[in-house]
file final.csv (CSV, C-alpha atoms)
chain,number,residue,atom,x,y,z
A,1,MET,CA,168.6,56.2,-56.6
A,2,ARG,CA,166.5,53.8,-58.7
A,3,ARG,CA,165.2,50.5,-57.1
A,4,THR,CA,167.2,48.4,-59.6
A,5,ALA,CA,170.4,50.2,-58.7
A,6,LEU,CA,169.7,49.7,-55.0
A,7,SER,CA,169.0,46.0,-55.6
A,8,ALA,CA,172.3,45.6,-57.3
A,9,LEU,CA,174.0,47.3,-54.4
A,10,VAL,CA,172.3,45.0,-51.9
A,11,SER,CA,173.2,41.9,-53.9
A,12,CYS,CA,176.8,42.9,-54.0
A,13,ALA,CA,176.8,44.0,-50.3
A,14,LEU,CA,175.6,40.5,-49.4
A,15,LEU,CA,178.8,39.2,-51.0
A,16,GLN,CA,180.7,41.6,-48.7
A,17,VAL,CA,182.4,43.5,-51.4
A,18,PRO,CA,184.0,46.4,-49.5
A,19,ALA,CA,183.5,49.1,-52.2
A,20,VAL,CA,179.9,48.2,-52.7
A,21,ALA,CA,179.3,48.0,-49.0
A,22,LEU,CA,180.5,51.6,-48.7
A,23,ALA,CA,178.2,52.6,-51.5
A,24,ALA,CA,175.3,50.9,-49.7
A,25,ASP,CA,176.2,52.9,-46.6
A,26,ALA,CA,176.1,56.1,-48.5
A,27,ALA,CA,172.8,55.2,-50.1
A,28,PHE,CA,171.4,54.4,-46.7
A,29,ALA,CA,172.6,57.7,-45.2
A,30,ALA,CA,171.0,59.6,-48.1
A,31,CYS,CA,167.8,57.6,-47.6
A,32,LEU,CA,167.7,58.4,-43.9
A,33,ALA,CA,168.1,62.0,-44.6
A,34,GLY,CA,165.2,61.9,-46.9
A,35,LEU,CA,163.1,60.0,-44.3
A,36,ARG,CA,163.6,62.7,-41.6
A,37,ALA,CA,161.0,65.1,-42.9
A,38,GLU,CA,158.5,62.3,-43.6
A,39,ALA,CA,158.9,61.0,-40.0
A,40,VAL,CA,158.2,64.5,-38.7
A,41,GLU,CA,155.1,64.7,-40.8
A,42,LYS,CA,154.0,61.4,-39.2
A,43,GLY,CA,154.3,62.8,-35.7
A,44,VAL,CA,157.9,61.8,-34.8
A,45,ALA,CA,159.8,64.6,-33.0
A,46,VAL,CA,162.9,65.8,-34.8
A,47,ALA,CA,164.9,65.2,-31.6
A,48,THR,CA,163.6,61.6,-31.5
A,49,PHE,CA,164.5,60.9,-35.1
A,50,ASP,CA,168.0,62.4,-34.8
A,51,ALA,CA,168.8,60.8,-31.5
A,52,HIS,CA,167.8,57.3,-32.6
A,53,THR,CA,169.2,57.3,-36.1
A,54,ALA,CA,172.6,58.8,-35.2
A,55,GLY,CA,175.1,56.0,-35.9
A,56,LEU,CA,172.6,53.7,-37.6
A,57,VAL,CA,174.1,51.5,-40.3
A,58,PRO,CA,172.2,49.3,-42.7
A,59,ASP,CA,171.6,45.6,-41.8
A,60,ILE,CA,171.7,44.5,-45.4
A,61,GLU,CA,171.2,40.8,-44.5
A,62,VAL,CA,167.6,41.4,-43.7
A,63,VAL,CA,166.8,42.4,-47.3
A,64,GLY,CA,167.6,38.8,-48.4
A,65,PHE,CA,165.0,37.5,-45.9
A,66,LEU,CA,162.2,39.3,-47.8
A,67,ASP,CA,162.0,36.5,-50.3
A,68,ALA,CA,163.0,33.6,-48.0
A,69,GLN,CA,160.3,33.5,-45.3
A,70,PRO,CA,159.9,29.9,-44.2
A,71,GLU,CA,156.1,29.8,-44.3
A,72,PHE,CA,156.3,30.5,-48.1
A,73,VAL,CA,159.5,28.6,-49.2
A,74,THR,CA,159.6,25.6,-46.9
A,75,PRO,CA,157.7,22.4,-47.8
A,76,ILE,CA,154.7,22.3,-45.5
A,77,TRP,CA,155.6,18.9,-44.0
A,78,ASP,CA,159.0,20.4,-42.9
A,79,TYR,CA,157.3,23.5,-41.6
A,80,MET,CA,154.7,21.7,-39.6
A,81,ALA,CA,157.2,19.0,-38.3
A,82,GLY,CA,159.3,21.7,-36.7
A,83,LEU,CA,156.5,23.9,-35.3
A,84,VAL,CA,154.2,21.3,-34.0
A,85,ASP,CA,156.4,18.7,-32.3
A,86,ALA,CA,156.5,16.9,-29.0
A,87,GLU,CA,158.5,19.5,-27.3
A,88,ARG,CA,156.3,22.4,-28.2
A,89,ILE,CA,153.2,20.5,-27.3
A,90,ALA,CA,154.6,19.5,-23.9
A,91,ASP,CA,155.8,23.0,-23.1
A,92,GLY,CA,152.5,24.5,-24.2
A,93,ARG,CA,150.5,22.2,-21.9
A,94,ALA,CA,152.7,23.0,-19.0
A,95,LEU,CA,152.3,26.8,-19.6
A,96,LEU,CA,148.5,26.4,-19.9
A,97,SER,CA,148.6,25.1,-16.4
A,98,GLN,CA,151.1,27.6,-15.1
A,99,TRP,CA,149.2,30.6,-16.5
A,100,ALA,CA,145.7,29.2,-16.1
A,101,PRO,CA,144.4,32.1,-13.9
A,102,VAL,CA,145.6,34.8,-16.3
A,103,LEU,CA,144.4,32.8,-19.3
A,104,ALA,CA,140.9,32.5,-17.7
A,105,ARG,CA,140.8,36.3,-17.3
A,106,VAL,CA,142.0,36.8,-20.8
A,107,GLU,CA,139.2,34.5,-22.2
A,108,ALA,CA,136.6,36.2,-20.0
A,109,GLU,CA,137.7,39.6,-21.4
A,110,TYR,CA,138.3,38.8,-25.1
A,111,ALA,CA,136.4,35.5,-25.7
A,112,VAL,CA,139.4,33.7,-27.2
A,113,ASP,CA,140.3,30.4,-25.7
A,114,ALA,CA,143.5,29.7,-23.8
A,115,ALA,CA,144.8,27.0,-26.1
A,116,THR,CA,144.6,29.2,-29.1
A,117,VAL,CA,146.4,32.1,-27.3
A,118,VAL,CA,149.1,29.8,-26.1
A,119,ALA,CA,149.6,28.2,-29.5
A,120,VAL,CA,150.3,31.7,-31.0
A,121,TRP,CA,152.8,32.2,-28.2
A,122,GLY,CA,154.5,28.9,-29.0
A,123,VAL,CA,154.7,29.4,-32.7
A,124,GLU,CA,155.8,33.1,-32.5
A,125,SER,CA,158.6,32.9,-29.9
A,126,ASN,CA,158.7,29.3,-28.6
A,127,TYR,CA,157.0,30.6,-25.5
A,128,GLY,CA,159.3,33.5,-25.0
A,129,ARG,CA,162.6,31.7,-25.7
A,130,ASN,CA,163.2,33.3,-29.0
A,131,PHE,CA,162.3,36.9,-29.4
A,132,GLY,CA,165.0,37.7,-32.0
A,133,GLU,CA,168.0,39.7,-31.4
A,134,ARG,CA,168.1,42.3,-34.2
A,135,PRO,CA,167.7,45.9,-33.1
A,136,LEU,CA,164.4,46.9,-34.6
A,137,LEU,CA,165.5,50.3,-35.8
A,138,GLY,CA,168.4,48.8,-37.7
A,139,SER,CA,166.1,46.3,-39.4
A,140,LEU,CA,163.2,48.6,-40.1
A,141,SER,CA,165.4,51.5,-41.3
A,142,THR,CA,167.2,49.2,-43.7
A,143,LEU,CA,163.9,47.8,-45.1
A,144,SER,CA,162.6,51.3,-45.4
A,145,CYS,CA,165.5,52.1,-47.9
A,146,PHE,CA,166.2,48.8,-49.7
A,147,GLY,CA,164.1,46.0,-51.2
A,148,ARG,CA,160.4,45.4,-51.6
A,149,ARG,CA,157.6,47.0,-49.6
A,150,GLN,CA,159.5,50.0,-48.5
A,151,ALA,CA,156.4,52.0,-47.9
A,152,PHE,CA,155.1,49.4,-45.4
A,153,PHE,CA,158.4,49.2,-43.5
A,154,ARG,CA,158.7,53.0,-43.4
A,155,GLY,CA,155.4,53.1,-41.5
A,156,GLU,CA,156.7,50.5,-39.1
A,157,PHE,CA,160.0,52.4,-38.7
A,158,PHE,CA,158.2,55.6,-37.8
A,159,THR,CA,155.9,53.8,-35.4
A,160,ALA,CA,158.9,52.2,-33.7
A,161,LEU,CA,160.4,55.7,-33.2
A,162,LYS,CA,157.1,56.7,-31.6
A,163,ILE,CA,157.2,53.7,-29.3
A,164,LEU,CA,160.6,54.9,-28.0
A,165,GLU,CA,159.4,58.5,-27.9
A,166,GLU,CA,156.5,57.6,-25.7
A,167,GLY,CA,158.6,55.5,-23.4
A,168,HIS,CA,156.8,52.2,-24.0
A,169,VAL,CA,160.0,50.2,-24.5
A,170,ALA,CA,163.6,51.1,-23.5
A,171,PRO,CA,165.8,51.5,-26.6
A,172,GLU,CA,168.1,48.7,-25.7
A,173,ARG,CA,165.1,46.3,-25.3
A,174,LEU,CA,163.6,47.1,-28.7
A,175,ALA,CA,164.9,44.0,-30.5
A,176,GLY,CA,163.2,41.3,-32.4
A,177,SER,CA,162.8,39.6,-35.7
A,178,TRP,CA,164.4,40.7,-39.0
A,179,ALA,CA,161.1,42.1,-40.1
A,180,GLY,CA,160.6,44.2,-37.0
A,181,ALA,CA,158.3,42.1,-34.8
A,182,PHE,CA,159.0,42.0,-31.1
A,183,GLY,CA,158.0,40.5,-27.8
A,184,HIS,CA,156.5,37.2,-26.6
A,185,THR,CA,153.9,37.1,-29.4
A,186,GLN,CA,155.9,39.2,-32.0
A,187,PHE,CA,153.8,42.3,-32.6
A,188,MET,CA,154.8,44.7,-35.3
A,189,PRO,CA,155.2,48.3,-34.0
A,190,SER,CA,151.9,49.4,-35.6
A,191,THR,CA,150.1,46.4,-34.1
A,192,PHE,CA,151.5,47.2,-30.7
A,193,MET,CA,150.3,50.8,-30.9
A,194,ARG,CA,146.8,49.7,-32.0
A,195,LEU,CA,146.2,46.6,-29.9
A,196,ALA,CA,148.6,46.0,-27.1
A,197,VAL,CA,147.0,46.2,-23.7
A,198,ASP,CA,148.2,46.6,-20.1
A,199,PHE,CA,146.7,43.5,-18.5
A,200,ASP,CA,148.9,43.2,-15.4
A,201,GLY,CA,147.9,46.7,-14.3
A,202,ASP,CA,151.4,48.2,-13.9
A,203,GLY,CA,150.5,51.1,-16.2
A,204,ARG,CA,152.6,49.9,-19.1
A,205,ARG,CA,151.9,47.9,-22.2
A,206,ASP,CA,154.8,45.5,-22.1
A,207,LEU,CA,155.1,42.6,-24.5
A,208,ILE,CA,158.7,41.8,-23.6
A,209,ASP,CA,158.7,41.4,-19.9
A,210,SER,CA,155.0,40.8,-19.1
A,211,VAL,CA,153.5,37.5,-20.1
A,212,PRO,CA,150.0,38.7,-19.0
A,213,ASP,CA,150.2,41.7,-21.3
A,214,ALA,CA,151.4,39.6,-24.2
A,215,LEU,CA,148.7,36.9,-23.8
A,216,ALA,CA,146.0,39.5,-23.5
A,217,SER,CA,147.2,41.6,-26.4
A,218,THR,CA,147.2,38.5,-28.6
A,219,ALA,CA,143.7,37.7,-27.6
A,220,HIS,CA,142.7,41.3,-28.3
A,221,PHE,CA,144.3,41.0,-31.7
A,222,LEU,CA,142.3,37.8,-32.6
A,223,ALA,CA,139.1,39.3,-31.2
A,224,ARG,CA,139.5,42.3,-33.4
A,225,ALA,CA,140.3,40.1,-36.4
A,226,GLY,CA,136.9,38.4,-36.1
A,227,TRP,CA,137.4,35.4,-33.7
A,228,ARG,CA,134.1,33.8,-32.7
A,229,SER,CA,134.0,32.2,-29.3
A,230,GLY,CA,132.8,28.6,-29.3
A,231,GLN,CA,133.4,28.1,-33.1
A,232,PRO,CA,136.2,25.8,-34.2
A,233,TRP,CA,139.0,27.0,-36.5
A,234,GLY,CA,138.1,24.0,-38.6
A,235,PHE,CA,139.0,20.3,-38.7
A,236,GLU,CA,140.5,17.7,-40.9
A,237,VAL,CA,138.2,16.0,-43.3
A,238,ARG,CA,138.1,13.0,-45.7
A,239,LEU,CA,137.3,13.7,-49.3
A,240,PRO,CA,135.1,11.4,-51.4
A,241,ARG,CA,136.5,9.9,-54.5
A,242,GLY,CA,135.9,12.0,-57.6
A,243,LEU,CA,135.2,15.2,-55.6
A,244,ASP,CA,135.7,18.3,-57.8
A,245,THR,CA,138.0,20.5,-55.8
A,246,ALA,CA,138.1,23.3,-58.3
A,247,GLY,CA,137.6,26.6,-56.5
A,248,SER,CA,138.7,25.2,-53.2
A,249,GLY,CA,140.4,27.6,-50.7
A,250,ARG,CA,139.7,29.2,-47.4
A,251,ARG,CA,137.9,32.2,-49.1
A,252,ASN,CA,135.4,30.1,-50.9
A,253,LYS,CA,133.2,29.2,-47.9
A,254,ARG,CA,130.1,27.2,-48.1
A,255,PRO,CA,127.5,26.0,-45.5
A,256,MET,CA,128.5,22.8,-43.7
A,257,ALA,CA,125.3,21.2,-45.0
A,258,GLU,CA,126.6,21.7,-48.6
A,259,TRP,CA,129.9,19.9,-47.7
A,260,ARG,CA,127.9,17.1,-46.2
A,261,ALA,CA,125.8,16.8,-49.3
A,262,ARG,CA,129.0,16.6,-51.4
A,263,GLY,CA,130.2,13.6,-49.4
A,264,LEU,CA,132.8,15.0,-47.1
A,265,THR,CA,133.2,13.5,-43.6
A,266,ARG,CA,135.4,14.1,-40.6
A,267,SER,CA,138.8,12.4,-40.9
A,268,ASP,CA,137.5,9.5,-38.8
A,269,GLY,CA,134.6,8.9,-41.1
A,270,SER,CA,132.0,10.5,-38.8
A,271,ALA,CA,129.5,13.0,-40.2
A,272,LEU,CA,130.2,16.7,-40.4
A,273,PRO,CA,128.5,18.9,-37.8
A,274,ALA,CA,125.0,20.0,-38.6
A,275,GLY,CA,124.0,23.6,-39.2
A,276,ASP,CA,125.0,26.3,-41.6
A,277,LEU,CA,128.5,27.1,-40.3
A,278,ALA,CA,130.4,28.4,-43.3
A,279,ALA,CA,133.7,26.7,-44.1
A,280,GLY,CA,136.2,26.7,-47.0
A,281,LEU,CA,138.1,23.6,-48.2
A,282,LEU,CA,141.8,24.0,-47.6
A,283,LEU,CA,144.2,21.6,-49.4
A,284,PRO,CA,147.7,22.8,-48.4
A,285,ALA,CA,149.5,20.0,-50.2
A,286,GLY,CA,146.9,19.2,-52.9
A,287,ARG,CA,144.2,16.7,-52.7
A,288,GLU,CA,146.6,13.8,-51.9
A,289,GLY,CA,147.6,15.3,-48.6
A,290,PRO,CA,145.6,16.3,-45.5
A,291,ALA,CA,142.4,18.2,-46.2
A,292,PHE,CA,140.6,20.7,-43.9
A,293,LEU,CA,137.4,22.6,-43.7
A,294,VAL,CA,138.3,26.0,-42.2
A,295,THR,CA,136.0,28.7,-40.7
A,296,ARG,CA,136.4,32.4,-40.2
A,297,ASN,CA,138.4,31.6,-37.0
A,298,PHE,CA,141.1,30.2,-39.3
A,299,ASP,CA,141.0,33.6,-41.2
A,300,ALA,CA,141.6,35.4,-37.8
A,301,LEU,CA,144.7,33.2,-37.3
A,302,TYR,CA,145.8,34.0,-40.9
A,303,SER,CA,145.5,37.7,-40.3
A,304,TYR,CA,148.3,37.4,-37.6
A,305,ASN,CA,150.7,36.5,-40.4
A,306,ALA,CA,149.3,36.1,-43.9
A,307,ALA,CA,150.3,32.6,-44.7
A,308,GLU,CA,148.1,29.5,-44.6
A,309,SER,CA,150.8,27.2,-43.4
A,310,TYR,CA,151.4,29.6,-40.5
A,311,ALA,CA,147.7,29.6,-39.6
A,312,LEU,CA,147.5,25.9,-39.9
A,313,ALA,CA,150.5,25.5,-37.5
A,314,ILE,CA,148.8,27.5,-34.8
A,315,ALA,CA,145.4,25.8,-35.4
A,316,HIS,CA,147.0,22.3,-35.2
A,317,LEU,CA,149.1,23.2,-32.2
A,318,SER,CA,146.0,24.5,-30.4
A,319,ASP,CA,144.3,21.2,-31.0
A,320,ARG,CA,147.3,19.2,-29.7
A,321,LEU,CA,147.4,21.4,-26.6
A,322,ARG,CA,143.7,20.4,-26.0
A,323,GLY,CA,144.7,16.7,-26.3
A,324,GLY,CA,143.9,16.3,-30.0
A,325,ALA,CA,145.6,13.8,-32.2
A,326,ALA,CA,148.0,14.3,-35.1
A,327,PHE,CA,146.6,14.6,-38.6
A,328,ALA,CA,145.1,11.4,-39.8
A,329,ALA,CA,146.3,11.7,-43.5
A,330,PRO,CA,150.0,11.7,-44.2
A,331,TRP,CA,151.7,14.4,-46.2
A,332,PRO,CA,152.3,13.4,-49.8
A,333,THR,CA,156.0,12.8,-49.5
A,334,ASP,CA,158.3,9.8,-49.1
A,335,ASP,CA,160.7,12.0,-47.1
A,336,PRO,CA,158.9,13.6,-44.1
A,337,GLY,CA,160.2,16.5,-42.1
A,338,LEU,CA,162.0,16.4,-38.8
A,339,SER,CA,161.1,17.6,-35.4
A,340,ARG,CA,163.5,19.9,-33.6
A,341,ALA,CA,164.9,17.0,-31.5
A,342,GLU,CA,165.5,15.1,-34.8
A,343,ARG,CA,167.2,18.2,-36.3
A,344,ARG,CA,169.5,18.4,-33.3
A,345,GLU,CA,170.3,14.7,-33.7
A,346,LEU,CA,171.0,15.3,-37.4
A,347,GLN,CA,173.4,18.1,-36.6
A,348,LEU,CA,175.2,16.0,-34.0
A,349,LEU,CA,175.7,13.3,-36.6
A,350,LEU,CA,177.1,15.9,-39.0
A,351,ILE,CA,179.5,17.3,-36.3
A,352,ALA,CA,180.6,13.7,-35.6
A,353,ARG,CA,181.6,13.4,-39.2
A,354,GLY,CA,183.8,16.5,-38.9
A,355,HIS,CA,181.5,19.2,-40.3
A,356,ASP,CA,181.9,22.6,-38.6
A,357,ILE,CA,178.3,23.8,-38.4
A,358,GLY,CA,178.4,25.4,-34.9
A,359,ALA,CA,176.1,24.3,-32.1
A,360,ALA,CA,173.5,21.5,-32.6
A,361,ASP,CA,170.6,23.9,-31.9
A,362,GLY,CA,167.9,22.4,-34.2
A,363,MET,CA,168.1,25.5,-36.5
A,364,ILE,CA,168.8,24.5,-40.1
A,365,GLY,CA,170.9,27.4,-41.3
A,366,ALA,CA,173.3,27.9,-44.2
A,367,ARG,CA,176.2,25.9,-42.6
A,368,THR,CA,174.0,22.9,-41.8
A,369,ARG,CA,172.6,22.9,-45.3
A,370,GLU,CA,176.1,23.1,-46.9
A,371,ALA,CA,177.2,20.2,-44.7
A,372,LEU,CA,174.1,18.3,-45.7
A,373,ARG,CA,174.9,18.9,-49.4
A,374,ARG,CA,178.4,17.5,-49.0
A,375,VAL,CA,177.1,14.4,-47.0
A,376,GLN,CA,174.3,13.8,-49.6
A,377,ALA,CA,176.9,13.8,-52.4
A,378,GLU,CA,179.2,11.4,-50.4
A,379,LEU,CA,176.3,9.0,-49.7
A,380,GLY,CA,174.7,9.0,-53.1
A,381,LEU,CA,171.6,10.9,-52.1
A,382,SER,CA,169.8,13.7,-53.9
A,383,VAL,CA,171.9,16.8,-53.2
A,384,ASP,CA,169.5,19.5,-52.0
A,385,GLY,CA,170.7,20.4,-48.5
A,386,ARG,CA,167.3,19.5,-47.1
A,387,ALA,CA,167.0,18.1,-43.6
A,388,GLY,CA,164.6,15.2,-43.9
A,389,GLN,CA,164.0,11.7,-42.6
A,390,ARG,CA,165.9,10.0,-45.4
A,391,VAL,CA,169.3,11.7,-44.8
A,392,LEU,CA,168.8,11.3,-41.0
A,393,ASN,CA,168.2,7.6,-41.3
A,394,VAL,CA,171.2,7.1,-43.6
A,395,LEU,CA,173.4,9.0,-41.2
A,396,ARG,CA,172.1,7.0,-38.3
A,397,ALA,CA,172.9,3.8,-40.1
A,398,ALA,CA,176.4,5.1,-41.0
A,399,ALA,CA,177.1,6.0,-37.4
A,400,ALA,CA,176.0,2.6,-36.2
A,401,ARG,CA,178.4,0.9,-38.6
call {"tool": "encode", "arguments": {"input": "final.csv", "output": "structure tokens"}}
result
Amino acid sequence: MRRTALSALVSCALLQVPAVALAADAAFAACLAGLRAEAVEKGVAVATFDAHTAGLVPDIEVVGFLDAQPEFVTPIWDYMAGLVDAERIADGRALLSQWAPVLARVEAEYAVDAATVVAVWGVESNYGRNFGERPLLGSLSTLSCFGRRQAFFRGEFFTALKILEEGHVAPERLAGSWAGAFGHTQFMPSTFMRLAVDFDGDGRRDLIDSVPDALASTAHFLARAGWRSGQPWGFEVRLPRGLDTAGSGRRNKRPMAEWRARGLTRSDGSALPAGDLAAGLLLPAGREGPAFLVTRNFDALYSYNAAESYALAIAHLSDRLRGGAAFAAPWPTDDPGLSRAERRELQLLLIARGHDIGAADGMIGARTREALRRVQAELGLSVDGRAGQRVLNVLRAAAAR
């Protein structure tokens, strides 16, 4: 079936049209049948494929997530506010203390510092609280048959089958994100097979039930991605007036001495470090927002999930875990984002107004956004369904009255 026809099927299935859902099921079954021979060519036993695909049905919802990943569609001030908030900083500092002996061994083995490893843990799964609940085989098989990047997801699907075949993870435990990542630090199946390590010495590489394995595997990933011990990921800088920022970006690295000569300073006005450390100028919200010089260690974080906002969240969280301050420059918006505590407060205010949005969990989903649109219309605000400081403050004032 041609991709355009499949896309049409998916779009209709998302609307839950019964006849089209049946057609999607049929297309999925035909796709799986076609994948069987390819899986065997990639080393998956026929018995493994048949046993784990029997009864699989497509999880069509995941196809819609391909073009809605938060690191690409969420304003960066919203993205950062939710990922680097007081709760995540406090939890991370407590875990740095709790797991200090293991983290010291991890750093000795892989030369990646504890704060960076714990920051990845915090961003990826909120320190093990949110692994994701979607069965990986359902998500990966669906993405192997529908939507963009089918070749990539087929490789991950076949690798997930190999993980089960080799007994690394029990079938009922292999669940995670919509895209197929799993465990404390959300490895994709192929990353697990390449880089996961047994650090607790029990003979298994276990990213789900072993924190030491997960932390060490994360450090192993970053070390292989080019992390350099003793080098910063980067830091916030202050731009001189009139600086030509054409050609800025993390890839266009220049020696620190050149940036000094062009008038850049640290965000507090102090001089940039001496030496020839190469760094690129990162302007995630344009030159009116916070600016950063980023090194190849930032690139190593970027390789974990190819989005600059994601890498910046880990980098900044790692700094905050070390006792660093918030960014000096504000984001260029008059309606900043909300922390998770503020998002829960917003949801409680919506519930108090009679909106059925489910639990106040700090997750801004479709029901919360729809309630926000209704409230924004009632209160004369811009109707966009976004959870920001402006609507929160208006709701607080209304509740006080």
call {"tool": "closest_residue", "arguments": {"input": "final.csv", "among": "A:Gly275, A:Ile364, A:Gly176, A:Val123", "to": "Gly337 (chain A)", "atoms": "only C-alpha atoms"}}
result
A:Ile364
call {"tool": "closest_residue", "arguments": {"input": "final.csv", "among": "A:Lys42, A:Phe199, A:Ser139, A:Tyr310", "to": "Ala219 (chain A)", "atoms": "all atoms listed in the file"}}
result
A:Phe199
call {"tool": "closest_residue", "arguments": {"input": "final.csv", "among": "A:Arg149, A:Leu137, A:Arg224, A:Glu61", "to": "Ala181 (chain A)", "atoms": "only C-alpha atoms"}}
result
A:Leu137
call {"tool": "atom_distance", "arguments": {"input": "final.csv", "atom1": "CA of Gly201 (chain A)", "atom2": "CA of Ala170 (chain A)"}}
result
18.7 Å
call {"tool": "closest_residue", "arguments": {"input": "final.csv", "among": "A:Glu156, A:Asp67, A:Glu87, A:Asp361", "to": "Thr191 (chain A)", "atoms": "all atoms listed in the file"}}
result
A:Glu156
call {"tool": "residues_around", "arguments": {"input": "final.csv", "residues": "Thr142 (chain A)", "least_positions_apart": "4", "cutoff": "10 Å", "atoms": "all atoms listed in the file", "output": "ChimeraX atom specification"}}
result
/A:28,31-32,56-63,136-138,146-147,150,153-154,157
call {"tool": "residues_around", "arguments": {"input": "final.csv", "residues": "Ile89 (chain A)", "least_positions_apart": "5", "cutoff": "8 Å", "atoms": "only C-alpha atoms", "output": "list in words"}}
result
Val84, Leu317, Arg320 and Leu321 of chain A
call {"tool": "atom_distance", "arguments": {"input": "final.csv", "atom1": "CA of Trp227 (chain A)", "atom2": "CA of Asn297 (chain A)"}}
result
5.1 Å
call {"tool": "closest_residue", "arguments": {"input": "final.csv", "among": "A:Asp356, A:Asp268, A:Glu109, A:Asp91", "to": "Ser217 (chain A)", "atoms": "only C-alpha atoms"}}
result
A:Glu109
call {"tool": "atom_distance", "arguments": {"input": "final.csv", "atom1": "CA of Pro273 (chain A)", "atom2": "CA of Thr245 (chain A)"}}
result
20.4 Å
call {"tool": "closest_residue", "arguments": {"input": "final.csv", "among": "A:Val375, A:Leu215, A:Val120, A:Gly64", "to": "Gly354 (chain A)", "atoms": "all atoms listed in the file"}}
result
A:Val375
call {"tool": "residues_around", "arguments": {"input": "final.csv", "residues": "region 231-242 of chain A", "least_positions_apart": "4", "cutoff": "6 Å", "atoms": "all atoms listed in the file", "output": "short mmCIF file (atom, residue, chain, number, x, y, z; two decimals) with C-alpha atoms, in the coordinates of the input"}}
result
data_model
loop_
_atom_site.label_atom_id
_atom_site.label_comp_id
_atom_site.auth_asym_id
_atom_site.auth_seq_id
_atom_site.Cartn_x
_atom_site.Cartn_y
_atom_site.Cartn_z
CA GLY A 263 130.20 13.60 -49.40
CA LEU A 264 132.80 15.00 -47.10
CA THR A 265 133.20 13.50 -43.60
CA ARG A 266 135.40 14.10 -40.60
CA SER A 267 138.80 12.40 -40.90
CA ALA A 291 142.40 18.20 -46.20
CA PHE A 292 140.60 20.70 -43.90
CA LEU A 293 137.40 22.60 -43.70
CA VAL A 294 138.30 26.00 -42.20
CA THR A 295 136.00 28.70 -40.70
CA ASN A 297 138.40 31.60 -37.00
CA PHE A 298 141.10 30.20 -39.30
#
call {"tool": "residues_around", "arguments": {"input": "final.csv", "residues": "Gly34 (chain A)", "least_positions_apart": "4", "cutoff": "12 Å", "atoms": "all atoms listed in the file", "output": "PyMOL selection string"}}
result
chain A and resi 1+27-30+38-40+49+141+144-145+154
call {"tool": "residues_around", "arguments": {"input": "final.csv", "residues": "region 385-388 of chain A", "least_positions_apart": "2", "cutoff": "12 Å", "atoms": "all atoms listed in the file", "output": "PyMOL selection string"}}
result
chain A and resi 74-75+77-79+81-82+333-340+342-347+350+362-377+381-383+390-395
call {"tool": "residues_near_point", "arguments": {"input": "final.csv", "point": "(164.2, 46.7, -25.7)", "cutoff": "12 Å", "atoms": "only C-alpha atoms", "output": "PyMOL selection string"}}
result
chain A and resi 131-137+160+163-164+167-176+181-183+206-209
call {"tool": "residues_near_point", "arguments": {"input": "final.csv", "point": "(143.7, 33.4, -48.2)", "cutoff": "8 Å", "atoms": "only C-alpha atoms", "output": "PyMOL selection string"}}
result
chain A and resi 249-251+299+302+306-308
call {"tool": "build_atoms", "arguments": {"input": "final.csv", "residues": "region 75-85 of chain A", "atoms": "N, CA and C atoms", "output": "short mmCIF file (atom, residue, chain, number, x, y, z; two decimals), in the frame of the given file"}}
result
data_model
loop_
_atom_site.label_atom_id
_atom_site.label_comp_id
_atom_site.auth_asym_id
_atom_site.auth_seq_id
_atom_site.Cartn_x
_atom_site.Cartn_y
_atom_site.Cartn_z
N PRO A 75 158.78 23.35 -47.59
CA PRO A 75 157.70 22.40 -47.80
C PRO A 75 156.85 22.27 -46.51
N ILE A 76 155.56 22.18 -46.66
CA ILE A 76 154.70 22.30 -45.50
C ILE A 76 154.94 21.14 -44.51
N TRP A 77 155.38 19.96 -44.98
CA TRP A 77 155.60 18.90 -44.00
C TRP A 77 156.89 19.15 -43.20
N ASP A 78 157.83 19.93 -43.73
CA ASP A 78 159.00 20.40 -42.90
C ASP A 78 158.53 21.46 -41.94
N TYR A 79 157.74 22.39 -42.44
CA TYR A 79 157.30 23.50 -41.60
C TYR A 79 156.49 23.03 -40.42
N MET A 80 155.55 22.15 -40.66
CA MET A 80 154.70 21.70 -39.60
C MET A 80 155.47 20.75 -38.62
N ALA A 81 156.40 19.96 -39.13
CA ALA A 81 157.20 19.00 -38.30
C ALA A 81 157.97 19.79 -37.24
N GLY A 82 158.51 20.95 -37.62
CA GLY A 82 159.30 21.70 -36.70
C GLY A 82 158.52 22.56 -35.73
N LEU A 83 157.32 22.99 -36.14
CA LEU A 83 156.50 23.90 -35.30
C LEU A 83 155.56 23.16 -34.38
N VAL A 84 155.09 22.02 -34.79
CA VAL A 84 154.20 21.30 -34.00
C VAL A 84 154.81 19.91 -33.64
N ASP A 85 155.75 19.94 -32.70
CA ASP A 85 156.40 18.70 -32.30
C ASP A 85 156.20 18.42 -30.85
#
